[in-house]
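Next comes protein_10.cif, a file with mmCIF, C-alpha atoms.
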```
data_input
#
loop_
_atom_site.label_atom_id
_atom_site.label_comp_id
_atom_site.auth_asym_id
_atom_site.auth_seq_id
_atom_site.Cartn_x
_atom_site.Cartn_y
_atom_site.Cartn_z
CA MET G 961 86.65 34.30 103.06
CA ILE G 962 90.17 34.13 101.61
CA ASN G 963 91.36 30.73 100.55
CA PHE G 964 94.74 29.70 99.14
CA GLU G 965 94.92 26.20 97.74
CA LYS G 966 98.28 24.93 96.51
CA VAL G 967 99.17 28.38 95.25
CA ASN G 968 102.51 28.82 93.53
CA LYS G 969 104.05 31.99 92.26
CA TYR G 970 107.20 32.48 90.20
CA PHE G 971 109.09 35.63 89.29
CA GLY G 972 110.89 34.23 86.25
CA ASP G 973 112.88 31.31 87.62
CA PHE G 974 112.48 32.45 91.21
CA HIS G 975 109.93 30.41 93.13
CA VAL G 976 108.42 33.04 95.48
CA LEU G 977 105.41 31.18 96.85
CA LYS G 978 105.58 27.41 97.26
CA ASP G 979 102.40 25.40 97.60
CA ILE G 980 100.62 27.88 99.82
CA ASN G 981 97.57 26.55 101.65
CA LEU G 982 95.88 29.10 103.86
CA THR G 983 92.35 29.92 104.88
CA ILE G 984 91.36 33.20 106.44
CA ASN G 985 87.90 33.47 107.90
CA LYS G 986 85.60 36.42 108.24
CA GLY G 987 86.51 38.67 111.15
CA GLU G 988 89.89 37.07 111.62
CA VAL G 989 93.12 39.00 112.09
CA VAL G 990 96.00 37.09 110.56
CA VAL G 991 99.52 38.40 111.00
CA VAL G 992 102.14 37.18 108.54
CA ILE G 993 105.71 37.31 109.76
CA GLY G 994 109.02 36.02 108.52
CA PRO G 995 112.44 37.15 107.31
CA SER G 996 112.63 39.56 104.38
CA GLY G 997 112.39 37.88 101.01
CA SER G 998 110.26 35.10 102.45
CA GLY G 999 107.29 35.98 100.22
CA LYS G 1000 105.05 37.65 102.82
CA SER G 1001 104.31 40.74 100.76
CA THR G 1002 103.84 38.73 97.59
CA LEU G 1003 101.34 36.51 99.40
CA LEU G 1004 99.43 39.62 100.45
CA ARG G 1005 99.58 41.23 97.01
CA CYS G 1006 98.17 38.12 95.37
CA ILE G 1007 94.95 38.54 97.34
CA ASN G 1008 93.90 41.62 95.32
CA ARG G 1009 95.79 40.58 92.21
CA LEU G 1010 98.52 43.18 92.40
CA GLU G 1011 100.51 40.04 91.69
CA THR G 1012 99.08 37.19 89.65
CA ILE G 1013 99.52 33.66 90.91
CA SER G 1014 101.28 31.16 88.63
CA ASN G 1015 99.12 28.16 89.54
CA GLY G 1016 96.86 26.81 92.23
CA MET G 1017 93.55 28.25 93.39
CA LEU G 1018 93.04 31.52 95.23
CA THR G 1019 89.52 32.61 96.09
CA VAL G 1020 88.14 35.65 97.86
CA ASN G 1021 84.45 35.40 98.78
CA ASN G 1022 84.36 32.25 96.66
CA LEU G 1023 85.46 34.16 93.57
CA SER G 1024 88.61 32.99 91.83
CA VAL G 1025 91.03 35.93 91.89
CA ALA G 1026 93.04 34.69 88.90
CA ASP G 1027 90.00 33.93 86.75
CA LYS G 1028 89.75 36.32 83.79
CA LYS G 1029 85.97 36.29 84.18
CA THR G 1030 86.16 37.70 87.70
CA ASP G 1031 85.49 41.43 87.72
CA ILE G 1032 88.72 42.35 89.47
CA ASN G 1033 87.77 46.01 89.91
CA LYS G 1034 84.62 45.03 91.73
CA LEU G 1035 86.47 42.51 93.85
CA ARG G 1036 89.04 45.14 94.74
CA THR G 1037 86.37 47.44 96.12
CA GLU G 1038 85.85 44.81 98.81
CA ILE G 1039 89.55 44.66 99.68
CA GLY G 1040 91.24 47.73 101.15
CA MET G 1041 95.01 47.92 100.96
CA VAL G 1042 97.53 49.88 103.01
CA PHE G 1043 101.11 50.08 101.73
CA GLN G 1044 104.44 50.45 103.46
CA HIS G 1045 105.07 53.78 101.74
CA PHE G 1046 101.46 55.04 102.01
CA HIS G 1047 101.15 55.91 98.30
CA LEU G 1048 98.84 58.83 98.93
CA TYR G 1049 98.17 60.90 95.81
CA PRO G 1050 100.48 63.91 96.23
CA HIS G 1051 98.47 66.22 93.96
CA LYS G 1052 95.25 65.73 95.89
CA THR G 1053 94.21 66.92 99.34
CA VAL G 1054 93.63 64.45 102.14
CA LEU G 1055 89.89 64.66 101.57
CA GLU G 1056 90.25 64.19 97.79
CA ASN G 1057 92.53 61.21 98.39
CA ILE G 1058 89.74 59.55 100.32
CA THR G 1059 86.76 60.54 98.17
CA LEU G 1060 88.22 59.68 94.76
CA ALA G 1061 87.48 55.96 94.64
CA PRO G 1062 84.08 56.14 96.38
CA MET G 1063 82.99 58.73 93.79
CA LYS G 1064 84.56 57.12 90.70
CA VAL G 1065 83.99 53.47 91.57
CA LEU G 1066 80.99 53.33 93.89
CA GLY G 1067 79.28 56.30 92.25
CA GLN G 1068 78.79 58.26 95.45
CA SER G 1069 77.94 61.94 95.15
CA GLU G 1070 80.62 64.40 96.21
CA GLU G 1071 78.61 65.39 99.26
CA GLU G 1072 78.08 61.83 100.37
CA ALA G 1073 81.69 60.86 99.75
CA LYS G 1074 82.96 63.88 101.69
CA GLN G 1075 80.71 63.11 104.60
CA ILE G 1076 81.93 59.53 104.75
CA ALA G 1077 85.55 60.66 104.32
CA ARG G 1078 85.22 63.03 107.28
CA LYS G 1079 83.75 60.26 109.37
CA TYR G 1080 86.77 58.05 108.74
CA LEU G 1081 89.23 60.92 109.17
CA ASP G 1082 87.64 61.48 112.52
CA LYS G 1083 88.01 57.82 113.29
CA VAL G 1084 91.75 57.81 112.54
CA GLY G 1085 92.08 61.03 114.50
CA ILE G 1086 93.11 63.62 111.93
CA SER G 1087 89.92 65.37 110.90
CA GLU G 1088 91.72 68.73 111.13
CA LYS G 1089 93.99 67.76 108.21
CA ALA G 1090 91.20 67.24 105.67
CA ASP G 1091 92.33 70.08 103.42
CA SER G 1092 96.07 69.53 103.73
CA TYR G 1093 98.22 67.93 101.07
CA PRO G 1094 100.01 64.66 101.90
CA ALA G 1095 103.43 66.37 101.82
CA GLN G 1096 102.31 68.55 104.75
CA LEU G 1097 101.67 65.53 106.98
CA SER G 1098 103.99 63.39 109.07
CA GLY G 1099 104.51 59.75 108.11
CA GLY G 1100 102.16 58.52 110.82
CA GLN G 1101 99.46 60.93 109.72
CA GLN G 1102 99.90 59.93 106.08
CA GLN G 1103 99.53 56.28 106.97
CA ARG G 1104 96.37 57.00 108.94
CA VAL G 1105 94.96 58.85 105.94
CA ALA G 1106 95.84 55.80 103.82
CA ILE G 1107 93.88 53.62 106.25
CA ALA G 1108 90.93 56.01 106.10
CA ARG G 1109 91.17 55.92 102.29
CA GLY G 1110 90.89 52.15 102.39
CA LEU G 1111 88.02 52.17 104.88
CA ALA G 1112 85.99 54.72 102.93
CA MET G 1113 85.26 52.02 100.35
CA ASN G 1114 83.62 50.04 103.14
CA PRO G 1115 85.65 46.92 102.37
CA GLU G 1116 85.18 43.50 103.91
CA ILE G 1117 88.89 42.85 104.08
CA MET G 1118 91.83 45.10 104.85
CA LEU G 1119 95.36 44.19 103.75
CA PHE G 1120 98.33 45.82 105.45
CA ASP G 1121 101.75 45.51 103.84
CA GLU G 1122 104.31 46.45 106.50
CA PRO G 1123 102.30 49.55 107.44
CA THR G 1124 104.75 50.79 110.06
CA SER G 1125 108.09 49.87 108.50
CA ALA G 1126 108.64 53.28 106.91
CA LEU G 1127 107.66 55.26 110.01
CA ASP G 1128 109.69 57.02 112.68
CA PRO G 1129 109.57 54.93 115.89
CA GLU G 1130 107.53 57.63 117.60
CA MET G 1131 104.75 57.37 115.02
CA ILE G 1132 104.35 53.62 114.96
CA GLY G 1133 102.06 53.65 117.98
CA GLU G 1134 99.44 55.94 116.49
CA VAL G 1135 99.09 53.74 113.41
CA LEU G 1136 98.98 50.50 115.39
CA ASP G 1137 96.29 51.99 117.64
CA VAL G 1138 94.09 52.64 114.63
CA MET G 1139 94.66 49.08 113.43
CA LYS G 1140 93.87 47.64 116.84
CA ALA G 1141 90.59 49.55 116.97
CA LEU G 1142 89.76 48.21 113.55
CA ALA G 1143 90.52 44.64 114.62
CA LEU G 1144 88.26 45.02 117.65
CA GLU G 1145 85.41 46.07 115.38
CA GLY G 1146 85.66 42.73 113.64
CA MET G 1147 87.35 43.74 110.39
CA THR G 1148 88.95 40.86 108.52
CA MET G 1149 92.62 41.79 108.39
CA VAL G 1150 95.76 40.33 106.88
CA VAL G 1151 98.80 42.13 108.21
CA VAL G 1152 102.40 41.71 107.15
CA THR G 1153 104.48 43.24 109.91
CA HIS G 1154 107.51 43.02 112.14
CA GLU G 1155 105.62 44.50 115.09
CA MET G 1156 105.70 41.56 117.48
CA GLY G 1157 103.79 43.41 120.20
CA PHE G 1158 100.93 44.05 117.82
CA ALA G 1159 100.96 40.46 116.59
CA LYS G 1160 100.85 39.09 120.13
CA GLU G 1161 98.07 41.37 121.24
CA VAL G 1162 95.80 41.56 118.23
CA ALA G 1163 96.34 38.54 116.00
CA ASP G 1164 93.98 35.61 116.02
CA ARG G 1165 96.60 33.65 114.16
CA ILE G 1166 100.26 33.99 113.26
CA VAL G 1167 101.53 32.72 109.93
CA PHE G 1168 105.30 32.25 109.80
CA MET G 1169 106.87 32.19 106.35
CA ASP G 1170 110.37 31.42 105.15
CA GLN G 1171 111.66 30.98 101.60
CA GLY G 1172 108.20 31.07 100.07
CA GLN G 1173 106.67 28.48 102.36
CA ILE G 1174 104.33 28.69 105.29
CA LEU G 1175 106.37 26.94 107.97
CA GLU G 1176 104.08 27.42 110.91
CA GLU G 1177 100.55 28.55 111.64
CA ALA G 1178 99.50 29.01 115.25
CA ILE G 1179 97.67 31.21 117.72
CA PRO G 1180 100.03 33.90 119.09
CA ALA G 1181 100.41 32.49 122.59
CA GLU G 1182 101.39 29.13 121.24
CA PHE G 1183 103.68 30.55 118.57
CA TYR G 1184 105.61 32.85 120.87
CA GLU G 1185 105.84 30.46 123.80
CA ASN G 1186 106.63 27.37 121.90
CA PRO G 1187 107.48 27.72 118.19
CA LYS G 1188 107.74 24.29 116.63
CA GLU G 1189 109.91 25.03 113.64
CA GLU G 1190 113.60 25.54 114.16
CA ARG G 1191 113.63 28.43 111.67
CA ALA G 1192 110.83 30.13 113.59
CA GLN G 1193 112.70 29.69 116.87
CA LEU G 1194 115.79 31.28 115.35
CA PHE G 1195 113.75 34.13 113.86
CA LEU G 1196 112.03 34.85 117.16
CA SER G 1197 115.20 34.71 119.21
CA ARG G 1198 116.83 37.20 116.86
CA ILE G 1199 113.89 39.55 116.71
CA LEU G 1200 112.96 39.50 120.39
CA ASN G 1201 116.42 39.57 121.96
CA HIS G 1202 118.03 42.67 120.55
CA MET I 823 124.07 96.70 59.86
CA ASP I 824 121.91 97.48 56.84
CA PHE I 825 118.41 98.14 58.16
CA SER I 826 117.17 98.90 54.67
CA ILE I 827 117.23 95.14 54.08
CA LEU I 828 114.61 94.87 56.76
CA THR I 829 112.51 97.87 55.77
CA ASN I 830 112.66 97.23 52.01
CA ASN I 831 111.68 93.59 52.38
CA ILE I 832 109.40 93.81 55.38
CA ASP I 833 106.49 92.29 53.43
CA MET I 834 108.51 89.18 52.67
CA PHE I 835 109.79 88.88 56.21
CA LEU I 836 106.26 89.20 57.60
CA GLU I 837 104.94 86.70 55.07
CA GLY I 838 107.67 84.32 56.22
CA LEU I 839 106.89 84.97 59.86
CA LYS I 840 103.22 84.27 59.22
CA ASN I 841 103.96 80.98 57.50
CA THR I 842 106.40 79.94 60.21
CA ILE I 843 103.78 80.64 62.85
CA ILE I 844 101.12 78.71 60.92
CA ALA I 845 103.38 75.71 60.37
CA SER I 846 104.63 75.73 63.96
CA LEU I 847 101.22 76.13 65.54
CA ILE I 848 99.57 73.39 63.49
CA ALA I 849 102.54 71.05 63.94
CA LEU I 850 102.65 71.82 67.66
CA ILE I 851 99.03 70.90 68.26
CA CYS I 852 99.03 67.89 65.96
CA SER I 853 102.33 66.52 67.23
CA LEU I 854 101.15 66.87 70.81
CA VAL I 855 98.01 64.86 70.07
CA LEU I 856 99.92 62.28 68.03
CA GLY I 857 102.70 62.17 70.62
CA ILE I 858 100.29 61.49 73.48
CA LEU I 859 98.67 58.74 71.45
CA ILE I 860 102.00 57.07 70.69
CA ALA I 861 103.11 57.41 74.32
CA ILE I 862 99.94 55.60 75.38
CA PHE I 863 100.67 52.96 72.75
CA ARG I 864 104.14 52.49 74.21
CA ILE I 865 102.99 51.91 77.79
CA ALA I 866 99.62 50.23 77.20
CA PRO I 867 99.37 46.81 78.88
CA PHE I 868 99.11 45.10 75.49
CA LYS I 869 102.21 43.90 73.63
CA PRO I 870 101.33 44.34 69.92
CA ILE I 871 100.32 47.95 70.58
CA ASN I 872 103.57 48.54 72.51
CA TRP I 873 105.45 47.25 69.53
CA LEU I 874 103.63 49.59 67.16
CA GLY I 875 104.47 52.59 69.34
CA THR I 876 108.10 51.57 69.67
CA ALA I 877 108.38 51.00 65.92
CA TYR I 878 107.06 54.49 65.21
CA VAL I 879 109.43 56.18 67.62
CA GLU I 880 112.53 54.26 66.58
CA PHE I 881 111.79 54.61 62.88
CA ILE I 882 110.90 58.29 62.81
CA ARG I 883 113.37 59.75 65.25
CA ASN I 884 116.27 58.05 63.50
CA ILE I 885 115.58 59.61 60.11
CA PRO I 886 116.60 63.24 59.49
CA LEU I 887 113.68 65.65 59.38
CA LEU I 888 114.97 66.89 56.03
CA VAL I 889 114.55 63.44 54.50
CA ILE I 890 111.02 63.07 55.91
CA ALA I 891 110.10 66.48 54.48
CA PHE I 892 111.44 65.59 51.01
CA PHE I 893 109.72 62.25 51.13
CA ILE I 894 106.29 63.69 51.96
CA PHE I 895 106.73 66.50 49.44
CA LEU I 896 107.60 64.13 46.63
CA VAL I 897 105.19 61.32 47.44
CA PHE I 898 102.04 63.31 48.20
CA ARG I 899 102.76 66.18 45.79
CA ILE I 900 101.26 68.78 48.09
CA PRO I 901 102.46 72.39 48.55
CA GLY I 902 105.74 72.85 50.43
CA LEU I 903 104.21 74.45 53.50
CA ALA I 904 101.64 71.65 53.95
CA ALA I 905 104.21 68.92 53.32
CA GLY I 906 106.63 70.59 55.70
CA THR I 907 104.04 70.97 58.44
CA MET I 908 103.15 67.32 58.07
CA ALA I 909 106.80 66.29 58.25
CA LEU I 910 107.32 68.46 61.34
CA THR I 911 104.28 66.89 62.99
CA ILE I 912 105.37 63.33 62.30
CA TYR I 913 108.97 64.00 63.34
CA THR I 914 108.26 65.96 66.52
CA ALA I 915 105.57 63.52 67.67
CA ALA I 916 108.24 60.83 68.09
CA PHE I 917 110.20 63.02 70.51
CA ILE I 918 107.09 64.21 72.34
CA ALA I 919 105.97 60.61 72.76
CA GLU I 920 109.29 59.78 74.38
CA ALA I 921 109.12 62.76 76.73
CA ILE I 922 105.58 61.87 77.78
CA ARG I 923 106.38 58.19 78.20
CA ALA I 924 109.35 59.05 80.40
CA GLY I 925 107.13 61.38 82.45
CA ILE I 926 104.44 58.78 82.96
CA GLN I 927 106.96 56.12 83.90
CA SER I 928 108.69 58.39 86.39
CA VAL I 929 105.52 58.52 88.50
CA PRO I 930 106.19 55.97 91.27
CA LYS I 931 104.70 52.54 90.60
CA GLY I 932 102.90 52.61 93.94
CA GLN I 933 100.58 55.34 92.68
CA MET I 934 99.10 53.05 90.06
CA GLU I 935 98.94 50.19 92.56
CA ALA I 936 97.15 52.31 95.14
CA ALA I 937 94.66 53.54 92.56
CA ARG I 938 94.03 50.11 91.06
CA SER I 939 93.70 48.42 94.44
CA SER I 940 90.88 50.82 95.32
CA GLY I 941 88.93 49.52 92.34
CA LEU I 942 89.71 52.19 89.75
CA THR I 943 90.08 50.90 86.19
CA TYR I 944 93.37 51.38 84.34
CA PRO I 945 92.09 54.38 82.31
CA GLN I 946 90.56 55.96 85.45
CA ALA I 947 93.81 55.55 87.35
CA MET I 948 95.78 56.90 84.39
CA TRP I 949 93.57 59.94 84.00
CA ASN I 950 93.01 60.84 87.66
CA ILE I 951 96.27 59.83 89.29
CA ILE I 952 99.14 59.27 86.86
CA LEU I 953 98.69 61.93 84.16
CA PRO I 954 98.24 64.92 86.52
CA GLN I 955 101.54 64.01 88.15
CA ALA I 956 103.26 63.21 84.86
CA ILE I 957 102.35 66.58 83.33
CA LYS I 958 104.49 68.46 85.84
CA ILE I 959 107.46 66.27 85.00
CA VAL I 960 106.87 66.49 81.26
CA ILE I 961 106.50 70.27 80.88
CA PRO I 962 110.24 71.14 80.68
CA PRO I 963 111.20 68.51 78.06
CA LEU I 964 107.99 69.32 76.18
CA GLY I 965 109.00 73.00 76.14
CA ASN I 966 112.31 71.95 74.61
CA GLN I 967 110.51 70.04 71.90
CA PHE I 968 108.26 73.00 71.07
CA ILE I 969 111.24 75.33 70.75
CA ASN I 970 113.01 72.77 68.58
CA LEU I 971 109.89 72.52 66.48
CA VAL I 972 109.80 76.25 65.74
CA LYS I 973 113.47 76.22 64.77
CA ASN I 974 113.16 73.01 62.79
CA SER I 975 110.42 74.61 60.70
CA SER I 976 113.28 76.34 58.83
CA ILE I 977 113.80 73.00 57.09
CA ILE I 978 110.65 73.67 55.10
CA ALA I 979 112.65 76.23 53.10
CA VAL I 980 114.17 73.43 51.02
CA ILE I 981 110.74 72.46 49.70
CA ALA I 982 109.73 76.07 49.05
CA GLY I 983 107.52 76.35 52.09
CA GLY I 984 107.45 80.15 52.05
CA GLU I 985 108.35 80.47 55.72
CA LEU I 986 111.00 82.69 57.35
CA MET I 987 114.08 80.82 56.22
CA TYR I 988 112.77 80.55 52.67
CA GLN I 989 112.06 84.28 52.51
CA GLY I 990 115.54 84.93 53.90
CA ASP I 991 117.02 82.80 51.12
CA LEU I 992 115.06 84.75 48.50
CA ILE I 993 116.02 88.14 49.92
CA SER I 994 119.70 87.29 50.21
CA ALA I 995 119.76 85.87 46.68
CA ARG I 996 118.13 88.98 45.32
CA THR I 997 120.08 91.62 47.25
CA PHE I 998 123.41 89.80 47.72
CA VAL I 999 123.31 91.03 51.33
CA VAL I 1000 123.68 87.63 52.91
CA PHE I 1001 124.94 88.27 56.42
CA ASP I 1002 122.50 91.01 57.44
CA THR I 1003 119.53 89.20 55.95
CA TYR I 1004 120.11 86.14 58.08
CA ILE I 1005 120.66 88.31 61.16
CA PHE I 1006 117.12 89.59 60.66
CA VAL I 1007 115.88 86.05 60.05
CA ALA I 1008 117.47 85.00 63.34
CA MET I 1009 115.80 87.90 65.12
CA PHE I 1010 112.39 86.89 63.83
CA TYR I 1011 112.95 83.36 65.13
CA LEU I 1012 113.92 84.78 68.51
CA VAL I 1013 110.71 86.83 68.55
CA LEU I 1014 108.88 83.50 68.43
CA THR I 1015 111.05 81.25 70.57
CA ILE I 1016 111.90 83.51 73.52
CA PRO I 1017 108.25 84.15 74.50
CA LEU I 1018 107.60 80.44 74.05
CA SER I 1019 110.53 79.64 76.31
CA LEU I 1020 109.37 82.11 78.97
CA GLY I 1021 105.80 80.84 78.71
CA VAL I 1022 106.90 77.28 79.38
CA GLY I 1023 108.93 78.50 82.37
CA GLN I 1024 105.87 80.26 83.77
CA LEU I 1025 103.71 77.19 83.31
CA GLU I 1026 106.32 75.11 85.08
CA LYS I 1027 106.31 77.48 88.05
CA ARG I 1028 102.54 77.55 88.26
CA LEU I 1029 102.24 73.77 88.22
CA ALA I 1030 104.98 73.44 90.83
CA LYS I 1031 103.12 75.81 93.14
CA ASN I 1032 100.04 73.69 93.74
CA ASN I 1033 102.01 70.79 95.12
#
```

Encoded form using structure tokens:
Amino acid sequence: MINFEKVNKYFGDFHVLKDINLTINKGEVVVVIGPSGSGKSTLLRCINRLETISNGMLTVNNLSVADKKTDINKLRTEIGMVFQHFHLYPHKTVLENITLAPMKVLGQSEEEAKQIARKYLDKVGISEKADSYPAQLSGGQQQRVAIARGLAMNPEIMLFDEPTSALDPEMIGEVLDVMKALALEGMTMVVVTHEMGFAKEVADRIVFMDQGQILEEAIPAEFYENPKEERAQLFLSRILNH
Amino acid sequence: MDFSILTNNIDMFLEGLKNTIIASLIALICSLVLGILIAIFRIAPFKPINWLGTAYVEFIRNIPLLVIAFFIFLVFRIPGLAAGTMALTIYTAAFIAEAIRAGIQSVPKGQMEAARSSGLTYPQAMWNIILPQAIKIVIPPLGNQFINLVKNSSIIAVIAGGELMYQGDLISARTFVVFDTYIFVAMFYLVLTIPLSLGVGQLEKRLAKNN
């Protein structure tokens, strides 16, 4: 479904992604971990062309993401994205945040879009906040709205870029619960996170990155019990024993 | 203070006021439209157009308004008021463009990313997400520009534009009552600028409320 083939990415002279080869299949939950600056977020952002790759081949549903002929707006409707800092639209209500793209991009009527939005708000457990503005919500609630906003487009893939890193510890659970439920329903998910519990429990596969390279790819049990790479061992010992 | 200056020349003062209002109003609307256009030029994701916008702003805002007014008056050979209004429009648009560009760019980058990643096109994201947020930020500096515009319209006097300052010059030359005449001129400008200032303040408050 998502396929990286020898993908490289430079920011000026800085080599952010080095020869990335990665395949993500339909229904798979892939968790990307690694130290900060290792290129995890960039890898994720390449998938919906928020960043353009420098060379190599990146396809989503067999469409080349970098190809100028690919209708990127259409491709993006199939890829939902959740950001670390939510990025809800502050001048729109929760409901308007969710209905905007379905109405403007998919051409849904207001009624239809609202109905779908309420369904997803219900699903993430904050239907009572439909008419609030983002500023009136807690971080956890805002992030759940952001997830509902992504889901309302009925995407095939959901990307999560450190979705809990900006949250108070108390609110991390409520967001992870929503993500777990989504994973159980068979959504294809790529998640950049530091939540090791979530990775262990939900991931089908762990991808460990350092300095722009994928150093290790393994199922969670294998990765946590017996990481092969020295850098991964060091990372895990630091992150788990504190 | 000699109020007879005001009463004896009220026709001229009112004629000047009328012309100042006409010049300001036309220049205000036109410079806003032109300014928005240039701001879009400056941030558009296309280099040659960026360059064009930047060239306009840097060229125009670094020439005195007086020089632009003379230039248009002499080159196009149109009446002073028209030439002056045109000069005001061209000059103010450069500053408005900068204010609007700054407003648009102060909207966090994530807003555009969130909008684009949901499949909205660049113009859709601009119109629905970025501009509504930018407007709130832009109102105060835009208000400044509008007030400056009204005051700058006094420049048109040097090309016989027939507005307030010009009438003041005529009256003072005719009556030799210089000081009092310009006091009244100043008051007429205040009659225009203070309501404008208050209006912008009100607008600012109203926009801040629905956030």

Counting only C-alpha atoms, what are the residues of segment 905-961 of chain I within 8 Å of segment 857-875 of chain I, and for each of them which pair of atoms is the nearest and at what distance in Å, to one decimal? Sort the table by chain and rising number, as a tab-separated table.
```
residue	atom	partner	partner_atom	distance
I:Thr914	CA	I:Gly857	CA	7.9
I:Ala915	CA	I:Gly857	CA	4.3
I:Ala916	CA	I:Gly857	CA	6.2
I:Phe917	CA	I:Gly857	CA	7.5
I:Ile918	CA	I:Gly857	CA	5.1
I:Ala919	CA	I:Gly857	CA	4.2
I:Glu920	CA	I:Ala861	CA	6.6
I:Ile922	CA	I:Ala861	CA	6.2
I:Arg923	CA	I:Ala861	CA	5.1
```

For the residues in the current selection, export C-alpha atoms as a PDB file, in the coordinates of the input.
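Final output, out.pdb:
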```pdb
ATOM      1  CA  THR I 914     108.260  65.960  66.520  1.00  0.00           C
ATOM      2  CA  ALA I 915     105.570  63.520  67.670  1.00  0.00           C
ATOM      3  CA  ALA I 916     108.240  60.830  68.090  1.00  0.00           C
ATOM      4  CA  PHE I 917     110.200  63.020  70.510  1.00  0.00           C
ATOM      5  CA  ILE I 918     107.090  64.210  72.340  1.00  0.00           C
ATOM      6  CA  ALA I 919     105.970  60.610  72.760  1.00  0.00           C
ATOM      7  CA  GLU I 920     109.290  59.780  74.380  1.00  0.00           C
ATOM      8  CA  ILE I 922     105.580  61.870  77.780  1.00  0.00           C
ATOM      9  CA  ARG I 923     106.380  58.190  78.200  1.00  0.00           C
TER      10      ARG I 923
END
```

Legend entry - Distance filter 6 Å, only C-alpha atoms, chain I against chain G, as an MDAnalysis selection string: chainID I and resid 932:933 939:941 1033

Inset, instruction - Considering only C-alpha atoms, return as a ChimeraX atom specification whatever protein or nucleic-acid residues lie within 12 Å of Pro1129 of chain G, sequence-local ones (same chain, fewer than 5 positions apart) excluded. - result: /G:1099-1100,1124,1134-1136,1155

Inset, instruction - Run the PyMOL selection byres ((chain I and resi 961-968) around 7) on the file and write out the hits as JSON, numbers by chain. - result: {"I": [850, 918, 921, 957, 958, 959, 960, 969, 970, 971, 972, 1019, 1022, 1026]}

Inset, instruction - Would you translate the PyMOL selection byres ((chain I and resi 842) around 12) into the concrete set of residues it matches in this file, as a ChimeraX atom specification? - result: /I:835-841,843-850,903-904,906-907,910,971-979,983-989,1007,1010-1011,1013-1015

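Ranking I:Leu992, I:Val1000, I:Met823, I:Ile981 by their shortest atom-to-atom distance to Val889 of chain I, with all atoms listed in the file included, puts I:Ile981 first.
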
With the file shown as input, list the residues that the PyMOL selection byres ((chain G and resi 1186-1193) around 10) selects, as an mmCIF file with C-alpha atoms, keeping the file's coordinate frame.
```cif
data_model
loop_
_atom_site.group_PDB
_atom_site.id
_atom_site.type_symbol
_atom_site.label_atom_id
_atom_site.label_comp_id
_atom_site.auth_asym_id
_atom_site.auth_seq_id
_atom_site.Cartn_x
_atom_site.Cartn_y
_atom_site.Cartn_z
ATOM 1 C CA ILE G 993 105.710 37.310 109.760
ATOM 2 C CA GLY G 994 109.020 36.020 108.520
ATOM 3 C CA PRO G 995 112.440 37.150 107.310
ATOM 4 C CA PHE G 1168 105.300 32.250 109.800
ATOM 5 C CA MET G 1169 106.870 32.190 106.350
ATOM 6 C CA ASP G 1170 110.370 31.420 105.150
ATOM 7 C CA LEU G 1175 106.370 26.940 107.970
ATOM 8 C CA GLU G 1176 104.080 27.420 110.910
ATOM 9 C CA GLU G 1177 100.550 28.550 111.640
ATOM 10 C CA ALA G 1178 99.500 29.010 115.250
ATOM 11 C CA PRO G 1180 100.030 33.900 119.090
ATOM 12 C CA ALA G 1181 100.410 32.490 122.590
ATOM 13 C CA GLU G 1182 101.390 29.130 121.240
ATOM 14 C CA PHE G 1183 103.680 30.550 118.570
ATOM 15 C CA TYR G 1184 105.610 32.850 120.870
ATOM 16 C CA GLU G 1185 105.840 30.460 123.800
ATOM 17 C CA LEU G 1194 115.790 31.280 115.350
ATOM 18 C CA PHE G 1195 113.750 34.130 113.860
ATOM 19 C CA LEU G 1196 112.030 34.850 117.160
ATOM 20 C CA SER G 1197 115.200 34.710 119.210
ATOM 21 C CA ARG G 1198 116.830 37.200 116.860
ATOM 22 C CA ILE G 1199 113.890 39.550 116.710
#
```

Legend entry - For atom CA of Thr943 of chain I and atom CA of Gln955 of chain I, the interatomic separation in Å (one decimal):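 For atom CA of Thr943 of chain I relative to atom CA of Gln955 of chain I, the distance reads 17.5 Å.
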
Inset, instruction - Could you jot down the atom CA of Arg996 of chain I to atom CA of Met834 of chain I separation for me, Å, one decimal place? - result: 12.1 Å

Legend entry - Nearest residue to Lys1083 of chain G from the set G:Glu1070, G:Met1063, G:Ile1013, G:Ala1108 (distances using only C-alpha atoms):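 The answer is G:Ala1108, which sits nearest to Lys1083 of chain G.
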
Radius query 8 Å about (83.3, 57.6, 105.3), atoms used: only C-alpha atoms, as a JSON list (two decimals) with C-alpha atoms, in the coordinates of the input:
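Below is the file part_38.json, written as the result:
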```json
[["chain", "number", "residue", "atom", "x", "y", "z"],
["G", 1073, "ALA", "CA", 81.69, 60.86, 99.75],
["G", 1074, "LYS", "CA", 82.96, 63.88, 101.69],
["G", 1075, "GLN", "CA", 80.71, 63.11, 104.60],
["G", 1076, "ILE", "CA", 81.93, 59.53, 104.75],
["G", 1077, "ALA", "CA", 85.55, 60.66, 104.32],
["G", 1078, "ARG", "CA", 85.22, 63.03, 107.28],
["G", 1079, "LYS", "CA", 83.75, 60.26, 109.37],
["G", 1080, "TYR", "CA", 86.77, 58.05, 108.74],
["G", 1081, "LEU", "CA", 89.23, 60.92, 109.17],
["G", 1108, "ALA", "CA", 90.93, 56.01, 106.10],
["G", 1111, "LEU", "CA", 88.02, 52.17, 104.88],
["G", 1112, "ALA", "CA", 85.99, 54.72, 102.93],
["G", 1113, "MET", "CA", 85.26, 52.02, 100.35],
["G", 1114, "ASN", "CA", 83.62, 50.04, 103.14]]
```

Inset, instruction - Just give me the gap between atom CA of Val1020 of chain G and atom CA of Asn968 of chain G in Å, one decimal is fine. - result: 16.5 Å
